[in-house]
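What follows is the content of run.cif (mmCIF, C-alpha atoms and all ligand atoms).
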```cif
data_data
#
loop_
_atom_site.label_atom_id
_atom_site.label_comp_id
_atom_site.auth_asym_id
_atom_site.auth_seq_id
_atom_site.Cartn_x
_atom_site.Cartn_y
_atom_site.Cartn_z
CA MET N 1 96.30 -13.78 2.49
CA LEU N 2 95.88 -12.72 6.09
CA THR N 3 92.54 -11.02 6.62
CA THR N 4 90.82 -9.99 9.79
CA SER N 5 87.70 -8.64 8.05
CA PRO N 6 85.61 -11.64 9.20
CA ILE N 7 86.72 -10.93 12.78
CA VAL N 8 85.73 -7.28 12.47
CA ARG N 9 82.36 -8.32 10.99
CA ALA N 10 81.83 -10.78 13.86
CA LEU N 11 82.61 -8.05 16.40
CA ARG N 12 80.14 -5.65 14.77
CA ALA N 13 77.45 -8.33 14.67
CA ALA N 14 78.03 -9.20 18.34
CA HIS N 15 77.85 -5.50 19.22
CA LEU N 16 74.50 -5.18 17.40
CA HIS N 17 73.29 -8.09 19.53
CA ASP N 18 74.23 -6.21 22.71
CA ALA N 19 77.41 -8.11 23.52
CA SER N 20 79.16 -6.64 26.55
CA PRO N 21 82.68 -5.17 26.32
CA ALA N 22 84.00 -8.30 28.06
CA GLU N 23 82.29 -10.51 25.46
CA LEU N 24 83.69 -8.43 22.57
CA LEU N 25 87.22 -8.68 24.00
CA GLN N 26 86.84 -12.44 24.48
CA LEU N 27 85.59 -12.83 20.91
CA ALA N 28 88.52 -10.80 19.56
CA CYS N 29 91.04 -12.92 21.50
CA GLU N 30 89.50 -16.22 20.42
CA ARG N 31 89.15 -15.27 16.75
CA LEU N 32 92.70 -13.88 16.49
CA ARG N 33 94.13 -17.01 18.11
CA GLY N 34 91.99 -19.04 15.72
CA LEU N 35 94.09 -17.69 12.83
CA GLY N 36 96.78 -20.12 13.99
CA ALA N 37 100.54 -19.64 13.99
CA PRO N 38 102.12 -17.19 14.71
CA PHE N 39 99.18 -16.34 17.03
CA THR N 40 99.86 -18.63 20.00
CA SER N 41 98.10 -16.74 22.83
CA VAL N 42 96.10 -13.52 22.70
CA TYR N 43 95.47 -11.24 25.69
CA ALA N 44 93.27 -8.12 25.99
CA TYR N 45 94.40 -5.63 28.62
CA MET N 46 92.39 -2.49 29.36
CA LEU N 47 93.75 0.60 31.06
CA HIS N 48 92.29 1.47 34.46
CA ASP N 49 93.85 4.19 36.64
CA GLY N 50 97.33 3.83 35.19
CA GLU N 51 97.30 0.05 35.22
CA LEU N 52 96.69 -2.51 32.50
CA VAL N 53 94.12 -5.07 33.63
CA LEU N 54 93.69 -8.43 31.87
CA GLU N 55 90.03 -8.62 30.79
CA ALA N 56 90.07 -11.51 28.30
CA PHE N 57 92.47 -14.04 26.83
CA SER N 58 92.69 -17.09 24.63
CA GLY N 59 95.57 -19.54 24.95
CA ARG N 60 97.99 -20.00 27.84
CA GLU N 61 97.15 -18.54 31.23
CA THR N 62 99.34 -15.70 32.50
CA GLU N 63 100.26 -14.58 36.00
CA HIS N 64 100.47 -11.00 34.69
CA THR N 65 96.87 -9.97 35.25
CA ARG N 66 97.84 -6.37 36.19
CA ILE N 67 100.74 -4.47 34.60
CA ALA N 68 101.80 -0.93 35.51
CA VAL N 69 102.31 1.61 32.73
CA GLY N 70 105.99 1.49 31.78
CA GLN N 71 106.46 -2.12 32.90
CA GLY N 72 107.26 -4.84 30.38
CA VAL N 73 106.47 -4.77 26.67
CA CYS N 74 102.81 -4.10 27.45
CA GLY N 75 103.44 -1.15 29.76
CA THR N 76 106.04 0.25 27.37
CA ALA N 77 103.46 0.41 24.58
CA VAL N 78 101.19 2.56 26.75
CA ALA N 79 104.04 4.74 28.08
CA THR N 80 105.40 5.48 24.59
CA GLY N 81 102.08 5.49 22.73
CA GLU N 82 103.67 3.10 20.21
CA ASP N 83 102.74 -0.45 19.24
CA GLN N 84 105.52 -2.91 20.07
CA ASN N 85 106.76 -5.69 17.78
CA VAL N 86 109.45 -7.64 19.64
CA PRO N 87 111.08 -10.31 17.42
CA ASP N 88 113.12 -11.84 20.26
CA VAL N 89 111.75 -11.44 23.78
CA ALA N 90 114.98 -12.87 25.27
CA ALA N 91 116.92 -9.92 23.85
CA ILE N 92 115.11 -7.15 25.74
CA GLY N 93 115.65 -6.09 29.32
CA ASN N 94 112.15 -5.21 30.52
CA TYR N 95 110.29 -8.28 29.29
CA LEU N 96 107.78 -9.84 31.69
CA ALA N 97 107.99 -13.56 30.99
CA CYS N 98 104.86 -15.72 31.16
CA ASN N 99 106.43 -18.98 30.01
CA LEU N 100 109.53 -20.36 28.33
CA GLU N 101 107.84 -21.15 25.01
CA THR N 102 107.15 -17.56 23.96
CA LYS N 103 109.74 -16.28 21.48
CA SER N 104 108.21 -13.09 20.09
CA GLU N 105 105.46 -10.66 21.04
CA LEU N 106 103.24 -8.08 19.35
CA VAL N 107 101.37 -5.38 21.28
CA VAL N 108 98.83 -3.23 19.43
CA LEU N 109 97.17 -0.35 21.24
CA ILE N 110 93.40 0.11 21.28
CA ARG N 111 93.10 3.87 20.83
CA ARG N 112 90.16 6.19 20.40
CA GLY N 113 91.64 9.40 19.00
CA GLN N 114 94.48 10.33 21.34
CA THR N 115 93.14 8.23 24.20
CA THR N 116 94.60 4.79 24.87
CA LEU N 117 91.85 2.43 26.05
CA GLY N 118 93.94 -0.73 26.23
CA GLN N 119 95.77 -3.17 24.01
CA LEU N 120 95.84 -6.53 22.30
CA ASP N 121 98.96 -8.45 23.34
CA ILE N 122 99.93 -11.48 21.30
CA ASP N 123 102.55 -14.07 22.21
CA SER N 124 104.13 -16.31 19.63
CA ASP N 125 106.11 -19.51 19.95
CA VAL N 126 107.59 -18.61 16.55
CA PRO N 127 110.81 -16.55 16.65
CA ALA N 128 110.29 -13.16 14.93
CA GLY N 129 106.73 -14.34 14.34
CA PHE N 130 105.07 -11.06 13.43
CA THR N 131 105.40 -9.29 10.07
CA GLN N 132 103.95 -5.96 8.93
CA PRO N 133 100.82 -7.70 7.55
CA HIS N 134 100.25 -9.33 10.96
CA HIS N 135 100.61 -5.96 12.63
CA ARG N 136 98.18 -4.34 10.16
CA ALA N 137 95.67 -7.15 10.62
CA VAL N 138 95.69 -6.92 14.41
CA LYS N 139 95.43 -3.13 14.18
CA GLU N 140 92.25 -3.54 12.15
CA VAL N 141 90.75 -5.51 15.04
CA ALA N 142 92.06 -3.06 17.65
CA ASP N 143 90.58 -0.12 15.71
CA ALA N 144 87.21 -1.87 15.48
CA LEU N 145 87.26 -2.51 19.24
CA ALA N 146 88.07 1.15 19.89
CA VAL N 147 84.75 2.07 18.27
CA LEU N 148 82.63 -0.74 19.70
CA LEU N 149 83.76 -0.91 23.34
N1 LIG J 201 105.14 -10.29 28.12
C1 LIG J 201 104.33 -9.17 28.54
C2 LIG J 201 103.53 -9.52 29.76
C3 LIG J 201 102.17 -10.04 29.44
S1 LIG J 201 102.14 -11.65 28.92
O1 LIG J 201 102.88 -11.78 27.67
C4 LIG J 201 100.60 -12.15 28.67
C5 LIG J 201 105.21 -7.96 28.81
O2 LIG J 201 106.44 -8.06 28.78
O3 LIG J 201 104.66 -6.90 29.09
#
```
Take the structure in the file and write it out as structure tokens.
Ligand code: SME
Amino acid sequence: MLTTSPIVRALRAAHLHDASPAELLQLACERLRGLGAPFTSVYAYMLHDGELVLEAFSGRETEHTRIAVGQGVCGTAVATGEDQNVPDVAAIGNYLACNLETKSELVVLIRRGQTTLGQLDIDSDVPAGFTQPHHRAVKEVADALAVLL
């Protein structure tokens, strides 16, 4: 079974030991990627003045270190206030490509009440890689970050 409880526990422990927000985001990215397929690369973007800024990642590097709200899958999540689960990135018009290997993408917002703080963006080399349980699991991590950051 897919469980992110150990990741949430690790984040809480790091927070108790005065980990910085950047360290917590890095830990979240590394531990989620450590779950293996379909988690190929994990990116943490935080919202600053209407722009998503890449603050941590694990996996492949990306040229998209700043994304405007409304742009791409990431910016769409913020603009609509909805998490995005894209089974086939080639099938959508406003996709910002990082590489040719990525087939599907999951974006889960980090929200504190009504306020969007940022998001976890996960690329997968697996077509239609993300199921409801994956979404729920990543949301558990995003919700923990919303409290700890
Ligand atoms: N594919 C994203 C851009 C970010 S990279 O995947 C890391 C998008 O369309 O917004």
Can you tell me which residues come within 10 Å of ligand LIG 201 (chain J) when counting only C-alpha atoms and all ligand atoms, ideally as a ChimeraX atom specification?
/N:41-45,52,54,57,59-77,84,86,89,92-99,102,104-107,120-124
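Among N:Ala37, N:Ala91, N:Ala28, N:Val126, the residue with the shortest atom-to-atom distance to Asp143 of chain N, counting all atoms listed in the file, is N:Ala28.
For the residues N:Ala90, N:Met46, N:Ala144, N:Cys29, ranking by smallest atom-to-atom distance to Gln119 of chain N using all atoms listed in the file places N:Met46 first.
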The residue from N:Leu145, N:Ile7, N:Ala56, N:Val78 with the smallest atom-to-atom distance to Arg31 of chain N, counting all atoms listed in the file, is N:Ile7
Mind listing whatever residues come within 10 Å of the point (89.9, -6.0, 11.1)? Use all atoms listed in the file, file coordinates, and give them as a list in words.
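Collected hits near the coordinates: Thr3, Thr4, Ser5, Pro6, Ile7, Val8, Arg9, Ala10, Leu11, Ala28, Leu32, Arg136, Ala137, Val138, Lys139, Glu140, Val141, Ala142, Asp143, Ala144 and Leu145 of chain N.
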One number please: atom CA of Gly118 of chain N to atom CA of Leu47 of chain N, in Å, one decimal.
5.0 Å
Would you compute an axis-aligned box for segment 135-141 of chain N, covering every atom listed for it in the file with 5 Å of margin on each side, and report centre and edge lengths in Å to one decimal as AutoDock Vina command-line options?
```
--center_x 95.7 --center_y -5.1 --center_z 12.6 --size_x 19.9 --size_y 14.0 --size_z 14.9
```
Can you pull out every residue within 8 Å of Thr116 of chain N, counting only C-alpha atoms, but drop anything in the same chain fewer than 3 positions away, and send it as a list in words?
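So, after excluding close chain neighbours, the residues are Leu47, Val78, Gly81, Leu109, Ile110, Arg111 and Arg112 of chain N.
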Just the number, please: distance in Å from atom CA of Glu55 of chain N to atom CA of Glu30 of chain N, one decimal.
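A separation of 12.9 Å between them.
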Of the listed residues N:Ala79, N:Leu2, N:Val147, N:Ala14, that which approaches Glu51 of chain N most closely, counting only C-alpha atoms
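The shortest atom-to-atom distance to Glu51 of chain N comes from N:Ala79.
Put simply, atom CA of Leu35 of chain N is 19.2 Å away from atom CA of Ala13 of chain N.
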Would you please work out which residue, of N:Ala146, N:Val53, N:Ala22, N:Leu27, is nearest to Leu117 of chain N when using only C-alpha atoms?
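Of all the options, N:Ala146 lies closest to Leu117 of chain N.
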